[in-house]
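Data file: model_0.txt. Format and content: compact mmCIF, C-alpha atoms.
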# COMPACT_ATOMS: atom_id res chain seq x y z
CA MET A 484 21.59 7.90 -26.96
CA LYS A 485 23.05 7.09 -30.32
CA LEU A 486 24.25 10.65 -30.51
CA ILE A 487 26.16 10.27 -27.26
CA PHE A 488 27.94 7.18 -28.56
CA VAL A 489 28.77 8.84 -31.86
CA GLU A 490 30.18 11.96 -30.23
CA PHE A 491 32.03 9.91 -27.63
CA PHE A 492 33.58 7.79 -30.33
CA LYS A 493 34.49 10.83 -32.42
CA LEU A 494 36.34 12.53 -29.60
CA LYS A 495 37.92 9.32 -28.36
CA MET A 496 39.33 8.57 -31.78
CA LYS A 497 41.12 11.91 -31.85
CA LEU A 498 43.77 11.10 -29.30
CA ARG A 499 45.31 14.55 -29.42
CA ALA A 500 41.94 16.14 -28.71
CA TRP A 501 41.34 14.43 -25.39
CA LEU A 502 44.65 13.03 -24.17
CA GLY A 503 46.52 16.15 -25.20
CA PRO A 504 44.65 18.54 -22.89
CA ILE A 505 45.07 16.21 -19.92
CA LEU A 506 48.82 16.08 -20.51
CA ILE A 507 48.89 19.85 -20.94
CA PHE A 508 47.16 20.20 -17.60
CA LEU A 509 49.79 17.98 -16.01
CA LEU A 510 52.58 19.95 -17.63
CA ILE A 511 51.21 23.29 -16.47
CA ILE A 512 50.85 21.98 -12.94
CA ILE A 513 54.36 20.55 -12.99
CA SER A 514 55.82 23.76 -14.36
CA PHE A 515 54.53 25.90 -11.50
CA PRO A 516 56.65 24.23 -8.78
CA LEU A 517 59.66 24.57 -11.06
CA THR A 518 59.33 28.35 -11.21
CA VAL A 519 59.34 28.77 -7.45
CA GLU A 520 61.93 26.96 -5.41
CA LEU A 521 61.13 23.30 -5.34
CA SER A 522 60.68 22.82 -1.61
CA SER A 523 59.36 26.30 -0.98
CA GLU A 524 56.43 26.92 1.29
CA ALA A 525 55.24 29.70 -1.02
CA LEU A 526 53.42 27.25 -3.24
CA ASN A 527 51.24 26.04 -0.40
CA ASP A 528 49.31 29.28 -0.34
CA VAL A 529 48.64 29.57 -4.02
CA PHE A 530 48.23 26.03 -5.32
CA TYR A 531 44.46 26.43 -5.58
CA SER A 532 44.94 29.43 -7.86
CA ILE A 533 47.33 27.33 -9.90
CA LEU A 534 44.65 24.67 -10.19
CA TRP A 535 41.98 27.12 -11.37
CA ILE A 536 44.25 28.83 -13.87
CA ALA A 537 45.66 25.54 -15.14
CA SER A 538 42.17 24.11 -15.65
CA LEU A 539 41.09 27.30 -17.42
CA LEU A 540 44.06 27.21 -19.79
CA THR A 541 43.61 23.51 -20.46
CA ILE A 542 39.95 23.92 -21.28
CA MET A 543 40.83 26.87 -23.48
CA VAL A 544 43.24 24.75 -25.48
CA SER A 545 41.01 21.70 -25.66
CA VAL A 546 37.77 23.39 -26.67
CA GLU A 547 39.29 25.55 -29.39
CA SER A 548 38.22 23.27 -32.23
CA ILE A 549 35.04 21.87 -30.72
CA PHE A 550 32.85 22.83 -33.68
CA LEU A 551 35.45 23.50 -36.33
CA GLU A 552 35.78 20.05 -37.92
CA ASP A 553 32.05 19.39 -37.87
CA TYR A 554 31.52 22.79 -39.41
CA GLU A 555 34.05 22.26 -42.15
CA ASP A 556 32.92 18.79 -43.19
CA GLY A 557 29.30 19.94 -43.17
CA TYR A 558 28.11 17.72 -40.36
CA LEU A 559 26.58 20.64 -38.46
CA GLU A 560 24.60 21.68 -41.50
CA TYR A 561 23.51 18.11 -42.13
CA PHE A 562 22.43 17.70 -38.52
CA TYR A 563 20.49 20.94 -38.61
CA VAL A 564 18.69 19.97 -41.81
CA ALA A 565 17.93 16.47 -40.53
CA ASN A 566 16.73 17.37 -37.04
CA ASN A 567 15.78 21.03 -37.39
CA SER A 568 17.54 21.69 -34.11
CA LEU A 569 21.11 21.77 -32.93
CA PHE A 570 20.42 21.73 -29.22
CA SER A 571 20.90 17.99 -28.65
CA LEU A 572 24.11 17.88 -30.66
CA ILE A 573 25.68 20.81 -28.85
CA PHE A 574 24.53 19.61 -25.46
CA THR A 575 26.00 16.17 -26.13
CA LYS A 576 29.24 17.56 -27.46
CA ILE A 577 29.80 19.65 -24.36
CA LEU A 578 28.86 16.75 -22.11
CA ILE A 579 31.32 14.43 -23.85
CA TYR A 580 34.07 17.02 -23.59
CA TRP A 581 33.38 17.27 -19.90
CA ILE A 582 33.41 13.49 -19.43
CA LEU A 583 36.58 12.94 -21.43
CA ILE A 584 38.54 16.04 -20.39
CA GLY A 585 36.82 17.76 -17.48
CA ILE A 586 36.52 14.78 -15.18
CA PRO A 587 40.11 13.50 -15.63
CA ILE A 588 41.40 17.03 -15.08
CA SER A 589 39.34 17.35 -11.93
CA CYS A 590 40.65 14.05 -10.58
CA LEU A 591 44.25 14.98 -11.36
CA GLY A 592 43.79 18.41 -9.83
CA THR A 593 42.30 16.91 -6.69
CA PHE A 594 45.19 14.51 -6.43
CA PHE A 595 47.59 17.44 -6.79
CA SER A 596 45.81 19.47 -4.14
CA ILE A 597 45.81 16.59 -1.67
CA ASN A 598 49.47 16.15 -2.38
CA MET A 599 50.22 19.84 -1.85
CA SER A 600 48.22 20.37 1.29
CA ASP A 601 49.01 17.01 2.92
CA ASP A 602 45.40 16.96 3.93
CA ILE A 603 42.75 14.61 2.63
CA SER A 604 40.04 17.16 3.44
CA SER A 605 41.06 19.35 0.51
CA LEU A 606 39.26 16.70 -1.52
CA ASN A 607 36.05 18.32 -0.38
CA ILE A 608 37.09 21.68 -1.78
CA ALA A 609 38.97 20.79 -4.93
CA LEU A 610 36.91 17.98 -6.41
CA PRO A 611 33.43 19.55 -6.45
CA SER A 612 34.64 23.01 -7.42
CA LEU A 613 36.83 21.62 -10.21
CA LEU A 614 34.04 19.38 -11.51
CA ILE A 615 31.56 22.27 -11.63
CA SER A 616 33.98 24.89 -12.89
CA THR A 617 35.35 22.75 -15.72
CA TYR A 618 31.81 22.17 -16.97
CA ILE A 619 31.13 25.92 -16.86
CA PHE A 620 34.44 26.66 -18.59
CA ILE A 621 33.72 24.18 -21.37
CA ASN A 622 30.30 25.70 -21.93
CA LEU A 623 31.57 29.25 -22.09
CA PHE A 624 34.59 28.47 -24.23
CA ALA A 625 32.32 26.56 -26.59
CA LEU A 626 30.25 29.73 -26.79
CA GLY A 627 33.27 31.88 -27.53
CA ASN A 628 34.55 29.47 -30.14
CA SER A 629 31.17 29.24 -31.80
CA LEU A 630 31.23 33.04 -32.12
CA SER A 631 34.69 32.98 -33.65
CA LEU A 632 34.07 29.83 -35.69
CA ASN A 633 36.70 29.57 -38.46
CA LYS A 634 38.17 32.94 -37.43
CA GLY A 635 40.86 31.41 -35.24
CA SER A 636 40.73 30.39 -31.62
CA ALA A 637 42.58 33.44 -30.25
CA LEU A 638 39.50 35.57 -30.84
CA GLY A 639 37.33 33.02 -29.06
CA ALA A 640 39.62 33.03 -26.04
CA LEU A 641 39.77 36.82 -26.05
CA ILE A 642 36.02 37.21 -25.87
CA THR A 643 35.41 34.32 -23.47
CA ILE A 644 37.89 34.92 -20.68
CA PRO A 645 36.28 38.18 -19.48
CA LEU A 646 33.03 36.22 -19.14
CA LEU A 647 34.77 33.73 -16.86
CA PHE A 648 35.86 36.25 -14.27
CA PRO A 649 32.74 35.91 -12.11
CA ILE A 650 33.41 32.17 -11.86
CA LEU A 651 37.05 32.78 -10.97
CA ILE A 652 35.99 35.25 -8.28
CA LEU A 653 33.63 32.63 -6.90
CA LEU A 654 36.39 30.02 -6.89
CA GLY A 655 38.66 32.44 -5.06
CA LYS A 656 35.93 33.06 -2.50
CA ILE A 657 35.59 29.30 -1.96
CA VAL A 658 39.29 28.96 -1.17
CA LEU A 659 39.19 32.01 1.08
CA ASN A 660 36.25 30.66 3.06
CA ALA A 661 37.84 27.24 3.32
CA ASN A 662 41.06 28.75 4.65
CA PHE A 663 39.13 30.58 7.35
CA GLY A 664 37.23 27.42 8.18
CA PHE A 665 33.83 28.69 7.05
CA GLU A 666 31.17 26.68 5.29
CA ILE A 667 31.76 26.42 1.55
CA SER A 668 28.69 24.41 0.65
CA ASN A 669 26.62 27.57 0.06
CA LEU A 670 29.14 28.86 -2.48
CA LEU A 671 29.31 25.45 -4.13
CA LEU A 672 25.52 25.40 -4.36
CA LEU A 673 25.59 28.87 -5.90
CA MET A 674 28.06 27.60 -8.47
CA LEU A 675 25.90 24.58 -9.11
CA GLY A 676 22.97 26.90 -9.72
CA VAL A 677 25.02 28.93 -12.20
CA LEU A 678 25.99 25.67 -13.87
CA LEU A 679 22.38 24.54 -14.20
CA LEU A 680 21.41 27.86 -15.79
CA ILE A 681 24.38 27.61 -18.13
CA ILE A 682 23.65 24.00 -19.11
CA VAL A 683 20.17 24.97 -20.20
CA PHE A 684 20.81 28.31 -21.87
CA ILE A 685 24.26 28.13 -23.44
CA PRO A 686 23.40 25.33 -25.94
CA PHE A 687 20.43 27.42 -27.09
CA ILE A 688 22.61 30.47 -27.60
CA ILE A 689 25.29 28.41 -29.35
CA SER A 690 22.75 26.85 -31.68
CA PHE A 691 21.43 30.31 -32.52
CA ILE A 692 24.98 31.43 -33.31
CA ILE A 693 25.74 28.36 -35.40
CA LYS A 694 22.51 28.74 -37.34
CA THR A 695 23.62 32.27 -38.12
CA HIS A 696 26.94 30.89 -39.31
CA LEU A 697 25.19 28.35 -41.53
CA GLU A 698 22.95 30.93 -43.23
CA MET B 1136 21.76 68.57 -34.75
CA TYR B 1137 24.84 67.04 -33.22
CA PRO B 1138 27.19 70.00 -33.72
CA TYR B 1139 24.97 72.03 -31.41
CA ILE B 1140 25.04 69.31 -28.75
CA LEU B 1141 28.80 69.20 -29.14
CA TYR B 1142 29.31 72.98 -28.91
CA PHE B 1143 26.89 73.29 -26.05
CA SER B 1144 28.42 70.44 -24.03
CA VAL B 1145 31.99 71.57 -24.70
CA LEU B 1146 31.03 74.98 -23.33
CA PHE B 1147 29.27 73.35 -20.43
CA TYR B 1148 32.22 71.11 -19.64
CA ALA B 1149 34.66 74.00 -19.92
CA PHE B 1150 32.48 76.01 -17.55
CA ALA B 1151 32.38 73.10 -15.10
CA LEU B 1152 36.15 72.64 -15.35
CA VAL B 1153 36.84 76.32 -14.71
CA TRP B 1154 34.51 76.21 -11.75
CA GLY B 1155 35.91 72.95 -10.45
CA LEU B 1156 39.59 73.68 -11.08
CA GLY B 1157 39.57 77.36 -10.26
CA PHE B 1158 36.90 78.12 -7.71
CA ALA B 1159 36.00 74.94 -5.80
CA PRO B 1160 37.89 74.74 -2.50
CA ALA B 1161 40.83 72.38 -2.13
CA ASP B 1162 40.17 69.11 -0.38
CA TYR B 1163 41.04 68.94 3.32
CA VAL B 1164 43.01 65.69 2.98
CA GLN B 1165 43.92 65.43 -0.69
CA GLY B 1166 44.70 69.07 -1.38
CA ASN B 1167 44.42 70.07 -5.00
CA SER B 1168 44.88 66.57 -6.38
CA PHE B 1169 41.22 65.75 -5.91
CA ARG B 1170 40.38 68.01 -8.84
CA ILE B 1171 40.92 65.17 -11.30
CA ILE B 1172 37.52 63.98 -10.06
CA TYR B 1173 36.01 66.25 -12.73
CA LEU B 1174 37.43 63.93 -15.38
CA HIS B 1175 37.54 60.62 -13.54
CA VAL B 1176 33.99 60.39 -12.23
CA PRO B 1177 32.21 61.32 -15.49
CA ALA B 1178 34.41 58.89 -17.43
CA SER B 1179 33.88 56.00 -15.00
CA PHE B 1180 30.16 56.68 -14.89
CA LEU B 1181 29.92 56.65 -18.67
CA SER B 1182 32.10 53.57 -19.08
CA GLN B 1183 29.42 51.51 -17.36
CA SER B 1184 26.37 53.34 -18.67
CA LEU B 1185 27.52 53.00 -22.27
CA TYR B 1186 27.69 49.25 -21.82
CA ILE B 1187 24.15 49.24 -20.44
CA VAL B 1188 23.02 51.27 -23.46
CA MET B 1189 24.74 48.73 -25.70
CA ALA B 1190 22.98 45.88 -23.92
CA ILE B 1191 19.61 47.57 -24.39
CA ALA B 1192 20.39 48.13 -28.07
CA ALA B 1193 21.43 44.48 -28.38
CA GLY B 1194 18.12 43.37 -26.90
CA ILE B 1195 16.22 45.64 -29.28
CA PHE B 1196 18.18 44.27 -32.22
CA LEU B 1197 17.71 40.61 -31.31
CA ILE B 1198 14.00 40.90 -30.43
CA TRP B 1199 12.64 43.40 -32.94
CA LYS B 1200 15.42 43.18 -35.57
CA VAL B 1201 15.89 46.94 -35.64
CA LYS B 1202 18.92 47.45 -37.84
CA LEU B 1203 19.82 50.81 -36.36
CA ALA B 1204 20.22 49.27 -32.90
CA ALA B 1205 22.98 47.05 -34.23
CA TYR B 1206 24.69 50.05 -35.84
CA MET B 1207 24.39 51.75 -32.48
CA ILE B 1208 26.27 48.90 -30.74
CA LYS B 1209 29.01 49.01 -33.33
CA SER B 1210 29.44 52.75 -32.98
CA ILE B 1211 29.25 52.84 -29.17
CA ALA B 1212 31.93 50.16 -28.66
CA PRO B 1213 35.00 52.24 -29.65
CA VAL B 1214 33.72 55.28 -27.75
CA GLY B 1215 33.11 53.09 -24.71
CA ALA B 1216 36.64 51.72 -24.95
CA LEU B 1217 37.95 55.30 -25.14
CA VAL B 1218 35.96 56.41 -22.11
CA THR B 1219 37.00 53.39 -20.07
CA PHE B 1220 40.59 54.08 -21.00
CA ILE B 1221 40.23 57.68 -19.82
CA ALA B 1222 38.72 56.42 -16.56
CA LEU B 1223 41.59 53.98 -16.03
CA ILE B 1224 44.32 56.51 -16.81
CA SER B 1225 42.83 59.34 -14.77
CA GLY B 1226 42.22 56.96 -11.87
CA SER B 1227 45.78 55.78 -12.00
CA ILE B 1228 47.08 59.36 -12.07
CA TRP B 1229 44.82 60.16 -9.14
CA GLY B 1230 46.15 57.09 -7.32
CA ILE B 1231 49.70 58.49 -7.13
CA PRO B 1232 49.08 61.39 -4.73
CA THR B 1233 46.34 59.69 -2.73
CA TRP B 1234 47.27 56.02 -2.50
CA GLY B 1235 50.93 56.29 -3.43
CA THR B 1236 50.62 53.76 -6.24
CA TRP B 1237 49.81 53.76 -9.93
CA TRP B 1238 48.08 50.48 -9.89
CA GLN B 1239 46.62 48.11 -7.38
CA TRP B 1240 44.99 44.75 -8.06
CA ASP B 1241 41.87 45.95 -6.45
CA ALA B 1242 38.31 44.89 -7.18
CA ARG B 1243 37.05 48.09 -8.81
CA ILE B 1244 40.22 48.79 -10.79
CA THR B 1245 40.55 45.22 -12.05
CA SER B 1246 36.91 45.00 -13.03
CA THR B 1247 37.18 48.27 -14.95
CA LEU B 1248 40.18 46.84 -16.78
CA ILE B 1249 38.06 43.79 -17.61
CA LEU B 1250 35.38 46.12 -18.97
CA PHE B 1251 38.02 47.75 -21.17
CA ILE B 1252 39.10 44.34 -22.49
CA MET B 1253 35.47 43.45 -23.13
CA TYR B 1254 35.02 46.57 -25.27
CA LEU B 1255 38.14 45.66 -27.23
CA GLY B 1256 36.89 42.09 -27.64
CA LEU B 1257 33.60 43.38 -29.03
CA ILE B 1258 35.40 45.59 -31.52
CA SER B 1259 37.70 42.79 -32.64
CA LEU B 1260 34.80 40.34 -32.95
CA HIS B 1261 32.86 42.71 -35.15
CA SER B 1262 35.82 43.61 -37.29
CA SER B 1263 36.80 39.99 -37.92
CA PHE B 1264 33.73 39.36 -40.06
CA THR B 1265 33.28 40.64 -43.55
CA ASN B 1266 29.59 39.77 -43.48
CA PHE B 1267 28.21 42.59 -41.38
CA GLU B 1268 24.75 41.06 -40.92
CA LYS B 1269 26.30 38.07 -39.17
CA ALA B 1270 28.68 40.26 -37.21
CA ASP B 1271 25.74 42.32 -35.91
CA LYS B 1272 24.03 39.24 -34.52
CA PHE B 1273 27.20 37.91 -32.92
CA ILE B 1274 28.13 41.18 -31.33
CA SER B 1275 24.67 41.60 -29.82
CA VAL B 1276 24.74 38.08 -28.38
CA LEU B 1277 28.14 38.78 -26.88
CA VAL B 1278 27.05 42.13 -25.46
CA LEU B 1279 24.07 40.51 -23.76
CA ILE B 1280 26.14 37.69 -22.29
CA GLY B 1281 28.88 40.06 -21.19
CA PHE B 1282 26.25 42.02 -19.31
CA VAL B 1283 26.70 39.61 -16.37
CA ASN B 1284 29.92 41.47 -15.58
CA ILE B 1285 28.29 44.87 -15.17
CA PRO B 1286 26.64 44.27 -11.77
CA ILE B 1287 29.96 42.89 -10.54
CA ILE B 1288 31.79 46.05 -11.61
CA LYS B 1289 29.07 48.21 -10.14
CA LYS B 1290 28.94 46.41 -6.82
CA SER B 1291 32.65 45.56 -6.52
CA VAL B 1292 33.31 48.42 -4.09
CA ASP B 1293 30.54 47.23 -1.79
CA TRP B 1294 31.24 43.50 -1.89
CA TRP B 1295 34.99 43.51 -1.35
CA SER B 1296 37.06 45.53 1.03
CA THR B 1297 39.03 47.58 -1.44
CA LEU B 1298 41.19 50.62 -1.76
CA HIS B 1299 38.67 52.32 -4.00
CA GLN B 1300 36.02 54.21 -2.11
CA PRO B 1301 32.32 53.38 -2.50
CA ALA B 1302 30.20 55.68 -4.62
CA SER B 1303 29.74 59.13 -3.08
CA ILE B 1304 26.79 60.10 -5.20
CA THR B 1305 23.77 57.84 -5.39
CA LEU B 1306 20.22 58.52 -6.39
CA THR B 1307 18.76 57.38 -3.10
CA ASN B 1308 21.08 58.80 -0.45
CA LYS B 1309 22.26 62.28 0.34
CA PRO B 1310 25.63 62.76 -1.39
CA SER B 1311 28.60 62.54 0.95
CA ILE B 1312 30.43 65.30 -0.90
CA ASP B 1313 30.28 68.99 -0.16
CA PRO B 1314 27.96 71.09 -2.40
CA THR B 1315 30.79 73.44 -3.39
CA MET B 1316 32.52 70.44 -5.01
CA LEU B 1317 29.35 68.62 -5.95
CA TYR B 1318 27.81 71.21 -8.27
CA PRO B 1319 30.83 71.50 -10.57
CA LEU B 1320 30.96 67.69 -10.57
CA ILE B 1321 27.35 67.42 -11.69
CA PHE B 1322 27.94 70.08 -14.35
CA SER B 1323 31.06 68.29 -15.55
CA MET B 1324 29.16 65.01 -15.73
CA ILE B 1325 26.49 66.60 -17.89
CA GLY B 1326 29.08 68.30 -20.09
CA PHE B 1327 31.23 65.20 -20.49
CA SER B 1328 28.20 63.04 -21.25
CA GLY B 1329 27.14 65.56 -23.87
CA ILE B 1330 30.55 65.41 -25.53
CA ILE B 1331 30.49 61.61 -25.55
CA VAL B 1332 26.91 61.49 -26.86
CA SER B 1333 27.84 63.78 -29.72
CA LEU B 1334 30.86 61.59 -30.43
CA ILE B 1335 28.54 58.58 -30.58
CA ILE B 1336 26.17 60.43 -32.89
CA LEU B 1337 29.07 61.29 -35.16
CA SER B 1338 30.43 57.74 -35.21
CA SER B 1339 27.00 56.18 -35.77
CA LYS B 1340 26.42 58.65 -38.59
CA VAL B 1341 29.62 57.49 -40.26
CA HIS B 1342 28.68 53.88 -39.62
CA ILE B 1343 25.20 54.25 -41.07
CA PHE B 1344 26.61 55.87 -44.21
CA LYS B 1345 29.17 53.09 -44.48
CA ARG B 1346 26.67 50.28 -44.08
CA GLU B 1347 23.99 51.81 -46.28
CA SER B 1348 26.42 53.02 -48.90
CA HIS B 1349 24.62 51.18 -51.70
CA LYS B 1350 21.29 52.87 -50.95
CA SER B 1351 20.19 55.75 -53.14
CA TRP B 1352 19.45 58.14 -50.27
CA VAL B 1353 23.07 57.97 -49.20
CA LYS B 1354 24.22 58.81 -52.71
CA ARG B 1355 21.85 61.74 -52.77
CA ASN B 1356 23.09 63.08 -49.46
CA VAL B 1357 26.83 62.51 -49.61
Can you give me the file's structure in the form of structure tokens?
Amino acid sequence: MKLIFVEFFKLKMKLRAWLGPILIFLLIIISFPLTVELSSEALNDVFYSILWIASLLTIMVSVESIFLEDYEDGYLEYFYVANNSLFSLIFTKILIYWILIGIPISCLGTFFSINMSDDISSLNIALPSLLISTYIFINLFALGNSLSLNKGSALGALITIPLLFPILILLGKIVLNANFGFEISNLLLLMLGVLLLIIVFIPFIISFIIKTHLE
Amino acid sequence: MYPYILYFSVLFYAFALVWGLGFAPADYVQGNSFRIIYLHVPASFLSQSLYIVMAIAAGIFLIWKVKLAAYMIKSIAPVGALVTFIALISGSIWGIPTWGTWWQWDARITSTLILFIMYLGLISLHSSFTNFEKADKFISVLVLIGFVNIPIIKKSVDWWSTLHQPASITLTNKPSIDPTMLYPLIFSMIGFSGIIVSLIILSSKVHIFKRESHKSWVKRNV
């Protein structure tokens, strides 16, 4: 519990680390309508794709230094020596990132999608899929950035984005089914299942990687 | 050992090519352009199998800490990238006469491109570390996690309606390709795989010498 407060406080104090990504998300979303004609119908077909890609890019930018500062000031090493495990720290870190960045992004994205489709029912598609997918994205980008710890975030993004394609395909399928009026709850449940697997396994893998870094 | 595999498989592949290019009948619909199958199919087959081999090696390295398995991953990755590149290029050349386009954002083609990028990512991850012991562990973790993409690439032609045809040759069903074209194809697959395997042997040999360069047996042998 104390850990949650500490991590929450740490991220909240760094304004650029949590407010910045949310603003970036807004800017990306604003910039898409500018590139097509402002009142064009063309955007109505693709705004879900814009949402997915914008959330992916935002998470990519926000997670790039998730472990870097703690690694450089030795907190990770200290935590590992004190607790003999990194799982709780990594799990908490990812959770806090999701609460402070993922959830606001999902709400903004939902607002945008309602606005674009003039239909309150797109809430049912956008909100759950954004909430789940941002959590998955944060987990996987944290993994990529732990692999490329102190080697620059471009490498982390390069090795993570191919891993995200199954999730993007799933998101595309959700939109497709929703457009045809099919059930989407089965796909959402599938994504939730993936998320549960990821929540359990990714922190283990990341702690293995970070232990290797600390050796 | 490996020069003999190389010579033998080059001969074999040349034989298959002569058979396939010279003597197999032209396709009823595609004419002579189908003959690029003798490069495209072996390359696409290997581009996925090499990743599976890498994943097995990664498992062996992480579970039993066999050092050679990690060297194997490192030496397969560039060859895998090469083979995937060949598959992409030959497929795109084949696409011109049959589909009328170089490139289509189609499930199989896109997922093969993703596989290519994954190989490049593995290479760049390994080369960004100066401490090779760490790099070995990281690359095997990444190979294992990236393995989730392989079933998607494999099944992409069945799950989505795409331009790319489903597999003609499977282990369980009767092949939907005529024997006069099939036999040279099988021969070319064996020959091409032999060439690639000997390339991997060569590159892992170089890599082992590089990594073990401080050992006395290397100094005795080189």
List every residue of chain A that has an atom at most 12 Å from any atom of chain B, giving for each one its closest atom pair and the distance in Å to one decimal, counting all atoms listed in the file, sorted by chain and then by ascending residue number, as a Markdown table.
| residue | atom | partner | partner_atom | distance |
| --- | --- | --- | --- | --- |
| A:Leu623 | CA | B:Ile1280 | CA | 10.0 |
| A:Leu626 | CA | B:Leu1277 | CA | 9.3 |
| A:Gly627 | CA | B:Leu1277 | CA | 8.6 |
| A:Asn628 | CA | B:Leu1260 | CA | 11.2 |
| A:Ser629 | CA | B:Phe1273 | CA | 9.6 |
| A:Leu630 | CA | B:Phe1273 | CA | 6.4 |
| A:Ser631 | CA | B:Leu1260 | CA | 7.4 |
| A:Leu632 | CA | B:Phe1264 | CA | 10.5 |
| A:Asn633 | CA | B:Phe1264 | CA | 10.4 |
| A:Lys634 | CA | B:Ser1263 | CA | 7.2 |
| A:Gly635 | CA | B:Ser1263 | CA | 9.9 |
| A:Ser636 | CA | B:Leu1260 | CA | 11.7 |
| A:Ala637 | CA | B:Gly1256 | CA | 10.7 |
| A:Leu638 | CA | B:Leu1260 | CA | 7.0 |
| A:Gly639 | CA | B:Leu1260 | CA | 8.7 |
| A:Ala640 | CA | B:Gly1256 | CA | 9.6 |
| A:Leu641 | CA | B:Gly1256 | CA | 6.2 |
| A:Ile642 | CA | B:Gly1256 | CA | 5.3 |
| A:Thr643 | CA | B:Gly1256 | CA | 8.9 |
| A:Ile644 | CA | B:Met1253 | CA | 9.2 |
| A:Pro645 | CA | B:Ile1249 | CA | 6.2 |
| A:Leu646 | CA | B:Gly1281 | CA | 6.0 |
| A:Leu647 | CA | B:Asn1284 | CA | 9.2 |
| A:Phe648 | CA | B:Asn1284 | CA | 8.0 |
| A:Pro649 | CA | B:Asn1284 | CA | 7.1 |
| A:Ile650 | CA | B:Asn1284 | CA | 10.6 |
| A:Ile652 | CA | B:Ala1242 | CA | 10.0 |
| A:Leu653 | CA | B:Ile1287 | CA | 11.5 |
| A:Lys656 | CA | B:Trp1295 | CA | 10.6 |
| A:Val677 | CA | B:Val1283 | CA | 11.6 |
| A:Ile681 | CA | B:Ile1280 | CA | 11.0 |
| A:Phe684 | CA | B:Ile1280 | CA | 10.8 |
| A:Ile685 | CA | B:Ile1280 | CA | 9.8 |
| A:Phe687 | CA | B:Val1276 | CA | 11.6 |
| A:Ile688 | CA | B:Val1276 | CA | 7.9 |
| A:Ile689 | CA | B:Val1276 | CA | 9.7 |
| A:Ser690 | CA | B:Val1276 | CA | 11.9 |
| A:Phe691 | CA | B:Val1276 | CA | 9.4 |
| A:Ile692 | CA | B:Phe1273 | CA | 6.9 |
| A:Ile693 | CA | B:Phe1273 | CA | 10.0 |
| A:Lys694 | CA | B:Lys1269 | CA | 10.2 |
| A:Thr695 | CA | B:Lys1269 | CA | 6.5 |
| A:His696 | CA | B:Lys1269 | CA | 7.2 |
| A:Leu697 | CA | B:Lys1269 | CA | 10.1 |
| A:Glu698 | CA | B:Lys1269 | CA | 8.9 |
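Taking CA of Leu1320 (chain B) and CA of Leu1217 (chain B) as endpoints, the distance between them is 20.4 Å.
For the pair CA of Arg1243 (chain B) and CA of Ser1291 (chain B), the separation is 5.6 Å.
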* **Shell of 9 Å around Ile505 (chain A), only C-alpha atoms, local chain residues under 2 positions omitted, as a count of residues only** => 14
* When you draw a straight line from CA of Ile549 (chain A) to CA of Ala625 (chain A), how long is it in Å? -> 6.8 Å
* May I have the residues at most 10 Å from (33.0, 78.8, -4.9) in the file's coordinates, counting all atoms listed in the file, as a PyMOL selection string? => chain B and resi 1154-1155+1157-1160+1314-1316+1318-1319
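For the residues A:Ile513, A:Tyr580, A:Phe550, A:Ala500, ranking by smallest atom-to-atom distance to Leu534 (chain A) using all atoms listed in the file places A:Ile513 first.
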* Tell me which of A:Phe594, A:Trp535, A:Tyr563, A:Phe665 sits closest to Ser616 (chain A), counting all atoms listed in the file. => A:Trp535
